[in-house]
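For reference, entry_38.txt is printed below; it contains compact mmCIF, C-alpha atoms.
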# COMPACT_ATOMS: atom_id res chain seq x y z
CA MET Y 1 0.00 0.00 0.00
CA HIS Y 2 1.20 3.49 -0.77
CA ARG Y 3 2.52 5.14 2.36
CA THR Y 4 4.25 8.44 3.08
CA GLY Y 5 6.00 8.20 6.42
CA GLU Y 6 3.28 7.00 8.75
CA LEU Y 7 0.43 8.23 6.56
CA TYR Y 8 -1.34 5.64 4.42
CA GLY Y 9 -2.45 6.69 0.94
CA GLN Y 10 -6.19 6.70 1.55
CA PHE Y 11 -5.95 9.36 4.28
CA GLN Y 12 -5.23 13.05 4.00
CA THR Y 13 -3.88 13.74 7.46
CA LEU Y 14 -2.55 11.74 10.41
CA ASP Y 15 -5.45 13.01 12.50
CA GLN Y 16 -7.94 11.69 9.99
CA GLN Y 17 -6.12 8.38 9.89
CA LYS Y 18 -6.15 8.08 13.65
CA GLU Y 19 -9.81 9.03 13.97
CA SER Y 20 -10.77 6.40 11.40
CA ALA Y 21 -8.92 3.76 13.39
CA THR Y 22 -10.39 4.69 16.76
CA LEU Y 23 -13.87 5.02 15.24
CA GLY Y 24 -13.48 1.54 13.74
CA MET Y 25 -12.46 0.17 17.11
CA TRP Y 26 -15.46 1.79 18.77
CA VAL Y 27 -17.78 0.23 16.18
CA PHE Y 28 -16.29 -3.15 17.07
CA LEU Y 29 -16.80 -2.38 20.76
CA VAL Y 30 -20.48 -1.60 20.07
CA THR Y 31 -20.88 -5.16 18.80
CA GLU Y 32 -19.06 -6.38 21.92
CA VAL Y 33 -21.40 -4.38 24.18
CA LEU Y 34 -24.39 -6.10 22.59
CA PHE Y 35 -22.65 -9.49 22.67
CA PHE Y 36 -21.95 -9.29 26.40
CA GLY Y 37 -25.26 -7.44 26.88
CA GLY Y 38 -27.15 -10.54 25.72
CA MET Y 39 -25.38 -12.62 28.35
CA PHE Y 40 -26.07 -10.07 31.09
CA LEU Y 41 -29.72 -10.15 30.03
CA THR Y 42 -29.81 -13.96 30.31
CA TYR Y 43 -28.21 -13.62 33.72
CA THR Y 44 -30.77 -11.05 34.88
CA ILE Y 45 -33.78 -13.12 33.82
CA ASN Y 46 -32.46 -16.27 35.49
CA ARG Y 47 -31.33 -14.45 38.61
CA HIS Y 48 -34.88 -13.16 38.93
CA ALA Y 49 -36.46 -16.57 38.31
CA PHE Y 50 -34.12 -18.57 40.59
CA PHE Y 51 -33.31 -16.00 43.22
CA THR Y 52 -32.27 -18.32 46.07
CA ALA Y 53 -30.20 -20.71 43.97
CA PHE Y 54 -28.26 -17.78 42.45
CA GLY Y 55 -27.74 -16.33 45.92
CA ILE Y 56 -26.22 -19.46 47.43
CA GLY Y 57 -24.18 -20.00 44.27
CA SER Y 58 -22.81 -16.47 44.51
CA ASN Y 59 -21.84 -16.94 48.15
CA THR Y 60 -19.56 -19.86 47.27
CA LEU Y 61 -17.30 -17.55 45.24
CA ASP Y 62 -14.15 -16.34 46.97
CA ILE Y 63 -14.72 -12.66 47.63
CA GLN Y 64 -11.07 -11.96 48.51
CA LEU Y 65 -9.83 -13.36 45.21
CA GLY Y 66 -12.62 -11.54 43.38
CA THR Y 67 -11.84 -8.17 44.94
CA THR Y 68 -8.11 -8.64 44.38
CA ASN Y 69 -8.76 -9.44 40.75
CA THR Y 70 -10.91 -6.32 40.36
CA ILE Y 71 -8.11 -4.15 41.73
CA VAL Y 72 -5.49 -5.93 39.58
CA LEU Y 73 -7.56 -5.28 36.47
CA ILE Y 74 -8.13 -1.62 37.33
CA MET Y 75 -4.38 -1.25 37.85
CA SER Y 76 -3.74 -2.82 34.45
CA SER Y 77 -6.18 -0.35 32.87
CA PHE Y 78 -4.28 2.47 34.54
CA THR Y 79 -0.88 1.25 33.26
CA MET Y 80 -2.43 0.84 29.79
CA ALA Y 81 -3.64 4.46 29.90
CA MET Y 82 -0.14 5.51 30.96
CA ALA Y 83 1.34 3.58 28.02
CA VAL Y 84 -0.90 5.61 25.68
CA TRP Y 85 0.21 8.82 27.38
CA SER Y 86 3.90 7.86 27.12
CA ALA Y 87 3.49 7.25 23.39
CA GLN Y 88 1.61 10.53 22.90
CA VAL Y 89 4.29 12.64 24.59
CA GLY Y 90 7.14 10.71 22.99
CA LYS Y 91 8.63 9.02 26.05
CA LYS Y 92 9.75 6.06 23.99
CA LYS Y 93 11.39 4.11 26.83
CA LEU Y 94 8.29 4.32 29.05
CA VAL Y 95 5.94 2.81 26.44
CA PRO Y 96 7.26 -0.78 26.62
CA LEU Y 97 7.64 -0.48 30.39
CA PHE Y 98 3.97 0.38 30.92
CA LEU Y 99 2.90 -2.22 28.36
CA ILE Y 100 4.91 -4.94 30.12
CA LEU Y 101 3.32 -3.90 33.44
CA THR Y 102 -0.12 -4.14 31.83
CA LEU Y 103 0.65 -7.60 30.46
CA ALA Y 104 2.02 -8.73 33.84
CA LEU Y 105 -1.12 -7.55 35.66
CA GLY Y 106 -3.28 -9.23 33.01
CA CYS Y 107 -1.41 -12.49 33.66
CA VAL Y 108 -1.88 -12.11 37.43
CA PHE Y 109 -5.62 -11.73 36.78
CA LEU Y 110 -5.73 -14.89 34.66
CA GLY Y 111 -3.67 -16.77 37.26
CA ILE Y 112 -6.09 -15.86 40.05
CA LYS Y 113 -8.99 -16.82 37.78
CA ALA Y 114 -7.37 -20.23 37.23
CA VAL Y 115 -7.07 -20.72 41.01
CA GLU Y 116 -10.77 -19.87 41.36
CA TYR Y 117 -11.82 -22.26 38.60
CA ASN Y 118 -9.75 -25.00 40.22
CA GLN Y 119 -11.59 -24.44 43.53
CA LYS Y 120 -14.90 -24.85 41.74
CA PHE Y 121 -13.77 -28.22 40.35
CA GLU Y 122 -12.67 -29.34 43.82
CA HIS Y 123 -15.96 -28.24 45.38
CA HIS Y 124 -18.08 -30.08 42.76
CA LEU Y 125 -19.51 -26.79 41.51
CA VAL Y 126 -18.87 -27.30 37.80
CA PRO Y 127 -22.14 -27.99 35.95
CA GLY Y 128 -22.43 -31.64 34.97
CA ARG Y 129 -22.80 -35.07 36.52
CA ASN Y 130 -20.89 -34.39 39.72
CA PHE Y 131 -22.47 -31.05 40.47
CA ASP Y 132 -23.66 -30.84 44.07
CA MET Y 133 -24.28 -27.63 45.98
CA ALA Y 134 -24.13 -29.55 49.26
CA TYR Y 135 -20.77 -31.20 48.53
CA ARG Y 136 -18.44 -28.61 49.98
CA SER Y 137 -20.25 -28.00 53.28
CA SER Y 138 -20.50 -31.75 53.89
CA HIS Y 139 -16.84 -32.44 52.90
CA PRO Y 140 -14.90 -29.54 54.44
CA ALA Y 141 -11.17 -29.43 53.71
CA PRO Y 142 -8.72 -29.06 56.63
CA GLY Y 143 -7.99 -25.40 55.87
CA ASP Y 144 -11.61 -24.26 55.67
CA ASP Y 145 -13.08 -21.72 58.05
CA ALA Y 146 -15.48 -23.77 60.24
CA LYS Y 147 -17.85 -20.87 60.82
CA GLU Y 148 -18.17 -20.12 57.14
CA ILE Y 149 -18.73 -23.79 56.31
CA ALA Y 150 -21.48 -23.99 58.95
CA LEU Y 151 -23.12 -20.90 57.47
CA GLU Y 152 -22.94 -22.37 53.97
CA LYS Y 153 -24.34 -25.70 55.21
CA ARG Y 154 -27.34 -23.97 56.77
CA GLU Y 155 -27.91 -21.83 53.69
CA VAL Y 156 -27.76 -24.81 51.33
CA GLU Y 157 -30.09 -26.88 53.56
CA GLU Y 158 -32.63 -24.05 53.64
CA ALA Y 159 -32.42 -23.72 49.88
CA PHE Y 160 -33.01 -27.46 49.36
CA ALA Y 161 -35.91 -27.39 51.83
CA ALA Y 162 -37.57 -24.56 49.90
CA ASP Y 163 -36.74 -25.92 46.44
CA PRO Y 164 -35.79 -29.57 45.88
CA ASP Y 165 -34.44 -28.63 42.42
CA THR Y 166 -31.83 -26.31 43.89
CA ASN Y 167 -29.03 -28.29 42.25
CA ALA Y 168 -30.58 -27.83 38.82
CA HIS Y 169 -31.09 -24.12 39.35
CA ALA Y 170 -27.69 -23.51 40.90
CA GLN Y 171 -26.18 -25.18 37.83
CA LEU Y 172 -27.73 -22.39 35.80
CA TYR Y 173 -25.86 -19.91 37.96
CA PHE Y 174 -22.57 -21.74 37.50
CA SER Y 175 -23.14 -22.24 33.77
CA LEU Y 176 -23.52 -18.48 33.45
CA TYR Y 177 -20.57 -17.91 35.78
CA PHE Y 178 -18.26 -20.07 33.66
CA ALA Y 179 -19.64 -18.83 30.34
CA MET Y 180 -19.35 -15.15 31.21
CA THR Y 181 -16.10 -15.12 33.19
CA GLY Y 182 -14.69 -17.61 30.65
CA LEU Y 183 -15.59 -15.37 27.75
CA HIS Y 184 -14.11 -12.45 29.66
CA ALA Y 185 -10.92 -14.46 30.26
CA LEU Y 186 -10.79 -15.31 26.55
CA HIS Y 187 -10.89 -11.59 25.81
CA MET Y 188 -8.05 -11.12 28.30
CA ILE Y 189 -5.99 -13.83 26.56
CA ILE Y 190 -6.55 -12.17 23.18
CA GLY Y 191 -5.62 -8.84 24.80
CA ALA Y 192 -2.43 -10.38 26.18
CA GLY Y 193 -1.52 -11.55 22.67
CA LEU Y 194 -2.10 -8.05 21.30
CA LEU Y 195 0.01 -6.61 24.14
CA ILE Y 196 2.93 -8.91 23.27
CA TRP Y 197 2.78 -7.60 19.72
CA LEU Y 198 2.63 -4.00 20.99
CA ILE Y 199 5.58 -4.55 23.36
CA ASN Y 200 7.61 -5.91 20.46
CA ALA Y 201 6.82 -2.92 18.27
CA SER Y 202 7.38 -0.42 21.09
CA LEU Y 203 10.80 -1.91 21.88
CA ARG Y 204 11.74 -1.15 18.28
CA GLY Y 205 10.67 2.47 18.89
CA ARG Y 206 7.68 2.20 16.55
CA PHE Y 207 5.39 4.56 18.47
CA THR Y 208 5.83 8.31 18.40
CA PRO Y 209 3.67 11.37 19.13
CA GLN Y 210 2.79 11.37 15.39
CA TYR Y 211 1.96 7.67 15.18
CA ASN Y 212 0.62 5.76 18.20
CA THR Y 213 -2.69 4.48 16.85
CA PRO Y 214 -2.08 0.79 17.71
CA VAL Y 215 -1.39 1.65 21.37
CA GLU Y 216 -4.52 3.81 21.52
CA VAL Y 217 -6.75 1.25 19.77
CA ILE Y 218 -5.58 -1.77 21.76
CA GLY Y 219 -5.92 0.44 24.83
CA LEU Y 220 -9.61 0.93 23.98
CA TYR Y 221 -10.05 -2.84 23.76
CA TRP Y 222 -8.26 -3.41 27.07
CA HIS Y 223 -10.37 -0.80 28.88
CA PHE Y 224 -13.53 -2.35 27.44
CA VAL Y 225 -12.55 -5.73 28.88
CA ASP Y 226 -12.02 -3.94 32.21
CA ILE Y 227 -15.55 -2.50 32.02
CA VAL Y 228 -17.04 -5.96 31.47
CA TRP Y 229 -15.32 -7.12 34.66
CA ILE Y 230 -16.58 -4.04 36.53
CA TYR Y 231 -20.09 -5.45 35.95
CA LEU Y 232 -19.21 -9.14 36.34
CA PHE Y 233 -17.70 -8.58 39.78
CA PRO Y 234 -20.79 -7.24 41.64
CA LEU Y 235 -23.25 -9.41 39.69
CA PHE Y 236 -21.45 -12.69 40.39
CA TYR Y 237 -19.60 -12.13 43.65
CA LEU Y 238 -21.67 -9.64 45.61
CA ILE Y 239 -25.38 -10.30 45.04
CA ASP Y 240 -26.19 -12.09 48.31
CA ARG Y 241 -23.52 -11.24 50.86
CA HIS Y 242 -25.78 -9.41 53.33
CA ARG Y 243 -26.87 -12.48 55.28
CA MET W 244 -10.75 19.01 10.39
CA PRO W 245 -8.25 20.93 12.49
CA GLU W 246 -4.67 19.70 12.49
CA HIS W 247 -3.44 18.04 15.69
CA SER W 248 -6.81 18.01 17.34
CA GLU W 249 -5.57 15.24 19.64
CA HIS W 250 -6.12 15.96 23.31
CA ILE W 251 -3.50 14.46 25.58
CA VAL W 252 -4.92 13.41 28.95
CA SER W 253 -2.39 14.09 31.69
CA PRO W 254 -1.17 11.41 34.13
CA LYS W 255 -2.70 13.47 36.93
CA VAL W 256 -6.17 12.80 35.50
CA TYR W 257 -5.35 9.10 35.07
CA VAL W 258 -4.20 8.84 38.70
CA THR W 259 -7.37 10.58 39.92
CA ILE W 260 -9.58 8.24 37.90
CA PHE W 261 -7.59 5.24 39.07
CA LEU W 262 -8.10 6.25 42.71
CA ALA W 263 -11.80 6.86 42.10
CA LEU W 264 -12.11 3.36 40.64
CA ILE W 265 -10.36 1.82 43.65
CA ILE W 266 -12.66 3.75 46.01
CA GLY W 267 -15.66 2.57 43.95
CA THR W 268 -14.49 -1.05 44.28
CA SER W 269 -14.12 -0.74 48.07
CA LEU W 270 -17.47 0.97 48.33
CA THR W 271 -19.32 -1.67 46.32
CA THR W 272 -17.70 -4.48 48.34
CA TRP W 273 -18.62 -2.77 51.60
CA ALA W 274 -22.19 -2.04 50.44
CA ALA W 275 -22.69 -5.69 49.48
CA PHE W 276 -22.37 -6.73 53.13
CA GLN W 277 -24.98 -4.20 54.34
CA ASN W 278 -28.67 -4.97 54.14
CA PHE W 279 -30.38 -2.35 51.99
CA GLY W 280 -33.17 -4.74 51.03
CA PRO W 281 -34.12 -4.42 47.38
CA PHE W 282 -31.67 -1.53 46.97
CA ASN W 283 -28.55 -3.69 47.27
CA ILE W 284 -28.62 -4.53 43.58
CA VAL W 285 -29.49 -0.94 42.64
CA ILE W 286 -26.46 0.33 44.59
CA ALA W 287 -24.18 -2.35 43.09
CA VAL W 288 -25.21 -1.64 39.51
CA GLY W 289 -25.14 2.11 40.18
CA ILE W 290 -21.54 2.02 41.41
CA ALA W 291 -20.53 -0.27 38.53
CA THR W 292 -22.10 2.14 36.02
CA THR W 293 -20.32 5.10 37.61
CA LYS W 294 -17.01 3.24 37.37
CA ALA W 295 -17.68 2.22 33.77
CA THR W 296 -18.56 5.81 32.87
CA LEU W 297 -15.27 7.06 34.34
CA VAL W 298 -13.34 4.47 32.33
CA VAL W 299 -15.15 5.39 29.09
CA LEU W 300 -14.83 9.14 29.57
CA TYR W 301 -11.20 9.35 30.70
CA PHE W 302 -9.28 6.11 30.10
CA MET W 303 -10.96 5.68 26.72
CA HIS W 304 -10.85 9.42 26.00
CA ALA W 305 -14.53 9.58 25.04
CA ARG W 306 -14.81 13.01 26.62
CA TYR W 307 -12.20 14.34 24.20
CA SER W 308 -13.36 12.38 21.15
CA SER W 309 -15.03 13.69 18.02
CA LYS W 310 -18.81 13.98 17.86
CA ARG W 311 -18.84 11.05 15.45
CA THR W 312 -17.18 8.77 18.00
CA LYS W 313 -19.51 9.98 20.74
CA LEU W 314 -22.49 9.16 18.54
CA VAL W 315 -21.22 5.60 18.11
CA ILE W 316 -20.85 5.21 21.88
CA VAL W 317 -24.38 6.53 22.50
CA CYS W 318 -25.66 4.13 19.83
CA ALA W 319 -24.20 1.18 21.77
CA LEU W 320 -26.03 2.26 24.92
CA PHE W 321 -29.24 2.95 23.02
CA TRP W 322 -29.35 -0.48 21.38
CA LEU W 323 -28.40 -2.16 24.63
CA ALA W 324 -31.26 -0.29 26.33
CA ILE W 325 -33.71 -1.51 23.66
CA MET W 326 -32.61 -5.10 24.13
CA LEU W 327 -32.79 -4.96 27.92
CA ALA W 328 -36.00 -2.94 28.21
CA LEU W 329 -38.08 -4.90 25.70
CA THR W 330 -36.93 -8.35 26.80
CA LEU W 331 -37.29 -7.62 30.50
CA SER W 332 -40.70 -6.01 30.07
CA ASP W 333 -41.78 -9.15 28.22
CA TYR W 334 -40.64 -11.38 31.07
CA GLN W 335 -42.07 -9.04 33.70
CA THR W 336 -45.54 -9.19 32.16
CA ARG W 337 -45.74 -12.99 32.07
CA GLY W 338 -46.97 -13.34 35.62
CA ARG W 339 -45.22 -14.06 38.86
CA ASP W 340 -44.53 -17.77 38.47
CA GLN W 341 -41.43 -17.85 36.33
CA SER W 342 -40.40 -21.26 37.57
CA ARG W 343 -42.30 -22.74 34.63
CA PHE W 344 -39.38 -21.64 32.49
CA ALA W 345 -37.20 -23.97 34.53
CA PRO W 346 -35.84 -27.15 32.98
CA PRO W 347 -37.95 -30.20 33.97
CA ALA W 348 -36.83 -31.69 37.26
CA GLN W 349 -34.52 -34.65 36.65
CA SER W 350 -34.01 -37.27 39.31
CA SER W 351 -30.29 -37.33 38.45
CA PHE W 352 -29.93 -33.77 39.71
CA SER W 353 -31.13 -34.38 43.23
CA ALA W 354 -28.49 -35.63 45.62

Take the structure I supplied and represent it as structure tokens, if you would.
Amino acid sequence: MHRTGELYGQFQTLDQQKESATLGMWVFLVTEVLFFGGMFLTYTINRHAFFTAFGIGSNTLDIQLGTTNTIVLIMSSFTMAMAVWSAQVGKKKLVPLFLILTLALGCVFLGIKAVEYNQKFEHHLVPGRNFDMAYRSSHPAPGDDAKEIALEKREVEEAFAADPDTNAHAQLYFSLYFAMTGLHALHMIIGAGLLIWLINASLRGRFTPQYNTPVEVIGLYWHFVDIVWIYLFPLFYLIDRHR
Amino acid sequence: MPEHSEHIVSPKVYVTIFLALIIGTSLTTWAAFQNFGPFNIVIAVGIATTKATLVVLYFMHARYSSKRTKLVIVCALFWLAIMLALTLSDYQTRGRDQSRFAPPAQSSFSA
């Protein structure tokens, strides 16, 4: 393609080129909003229909890990924003530094998520044959907090007394939990791949105050993924904690 | 279009927004443990929306974007609102007993 410096032939100015790219990214993000929006809608309808089962399901999630992950992701959004700033003001050495920090925080997030998923397998909370809401409170591990286990046991017993199909309905909660956090994690993994490419290019001094569109555009994507988590966190971890 | 219309957001603004997001996270976690009755979910979604708005406006530079970009962002919210409002109003007007939408009870599910 014909290119003069950083300006591709079909554009008249660098500003126009950059606005086209960011506008394109925003159009993609609109489709993402509706994509995730559909899942949040499914969640809302089922949460309403199976209120108790969703509540006890939510209370099995580890709130410390969830809160930590929220803060980690917000920090990664901040470092991403700083990477964009560094590129805009021409601090070429800071760009890869902030991008590497962003990638590292993204990996911490995914690591914590993996720990959480593993817990769900151990507690028989993955939808399927072995799913059992009552498993964990009746098979406590040595390290578990006895008071919390007793609370969970009582909660689960009450839920089963009120609704014998609690296991079926709680599976809906966990199906949505894995589908939505899994899809979010997939976006994070794609984001991490994009960051690796950005780090590579920034180490070669590719981004300047005149041309930093890729940093800006991937930044938009990364912040969007952060926003999805900002909604996932309260809706999955915090809905029934006031007991 | 004016040359170099790009607005550079300063690190000071980014730090402020970052701190606001951390405060929002603490606040929503704290609020979740209080009993506000039916308002718990309203507070949770309210704080999340405030946080999301800050991210869009400052981290994603929407506040400093062209009118065209702003229109695209508003479109996303508008279409999302249509999807949520019409589907939820449909479900809300189908009567109280929504358990009939549940999958049939299977003996294999019960412990």

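For the choices Y:Glu6, Y:Asp240, Y:Glu19, Y:Asp163, the atom-to-atom distance to Thr312 of chain W is smallest for Y:Glu19 when using only C-alpha atoms.
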
For segment 113-117 of chain Y, list every protein, DNA or RNA residue within 10 Å, evaluated using all atoms listed in the file, and leave out those in the same chain fewer than 3 positions away; present the list as a PyMOL selection string. chain Y and resi 61-62+65-66+69+107-110+120-123+125-126+178+181-182+185

Nearest residue to chain W out of Y:Thr166, Y:Ser137, Y:Asn118, Y:Ser202, using only C-alpha atoms?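 That would be Y:Thr166, the residue with the smallest distance to chain W.
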
Residues within 9 Å of segment 278-284 of chain W, only C-alpha atoms, excluding chain neighbours under 4 positions, as a PyMOL selection string: (chain Y and resi 234-235+238-243) or (chain W and resi 274+288-289)

For the selection just defined, write its residues with C-alpha atoms to a file, as a PDB file, in the frame of the given file.
ATOM      1  CA  PRO Y 234     -20.790  -7.240  41.640  1.00  0.00           C
ATOM      2  CA  LEU Y 235     -23.250  -9.410  39.690  1.00  0.00           C
ATOM      3  CA  LEU Y 238     -21.670  -9.640  45.610  1.00  0.00           C
ATOM      4  CA  ILE Y 239     -25.380 -10.300  45.040  1.00  0.00           C
ATOM      5  CA  ASP Y 240     -26.190 -12.090  48.310  1.00  0.00           C
ATOM      6  CA  ARG Y 241     -23.520 -11.240  50.860  1.00  0.00           C
ATOM      7  CA  HIS Y 242     -25.780  -9.410  53.330  1.00  0.00           C
ATOM      8  CA  ARG Y 243     -26.870 -12.480  55.280  1.00  0.00           C
TER       9      ARG Y 243
ATOM     10  CA  ALA W 274     -22.190  -2.040  50.440  1.00  0.00           C
ATOM     11  CA  VAL W 288     -25.210  -1.640  39.510  1.00  0.00           C
ATOM     12  CA  GLY W 289     -25.140   2.110  40.180  1.00  0.00           C
TER      13      GLY W 289
END

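With distances restricted to all atoms listed in the file, Y:Phe78 is the closest residue to Leu297 of chain W from Y:Tyr177, Y:Phe160, Y:Phe78, Y:Phe11.
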
So the first atom is atom CA of Leu262 of chain W and the second is atom CA of Gly193 of chain Y; what is the distance between them in Å, to one decimal place?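 Answer for the atom CA of Leu262 of chain W to atom CA of Gly193 of chain Y separation: 27.6 Å.
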
Using all atoms listed in the file, which residues sit within 8 Å of Leu220 of chain Y once same-chain residues fewer than 5 positions away are excluded, as a PyMOL selection string? (chain Y and resi 25-26) or (chain W and resi 303)
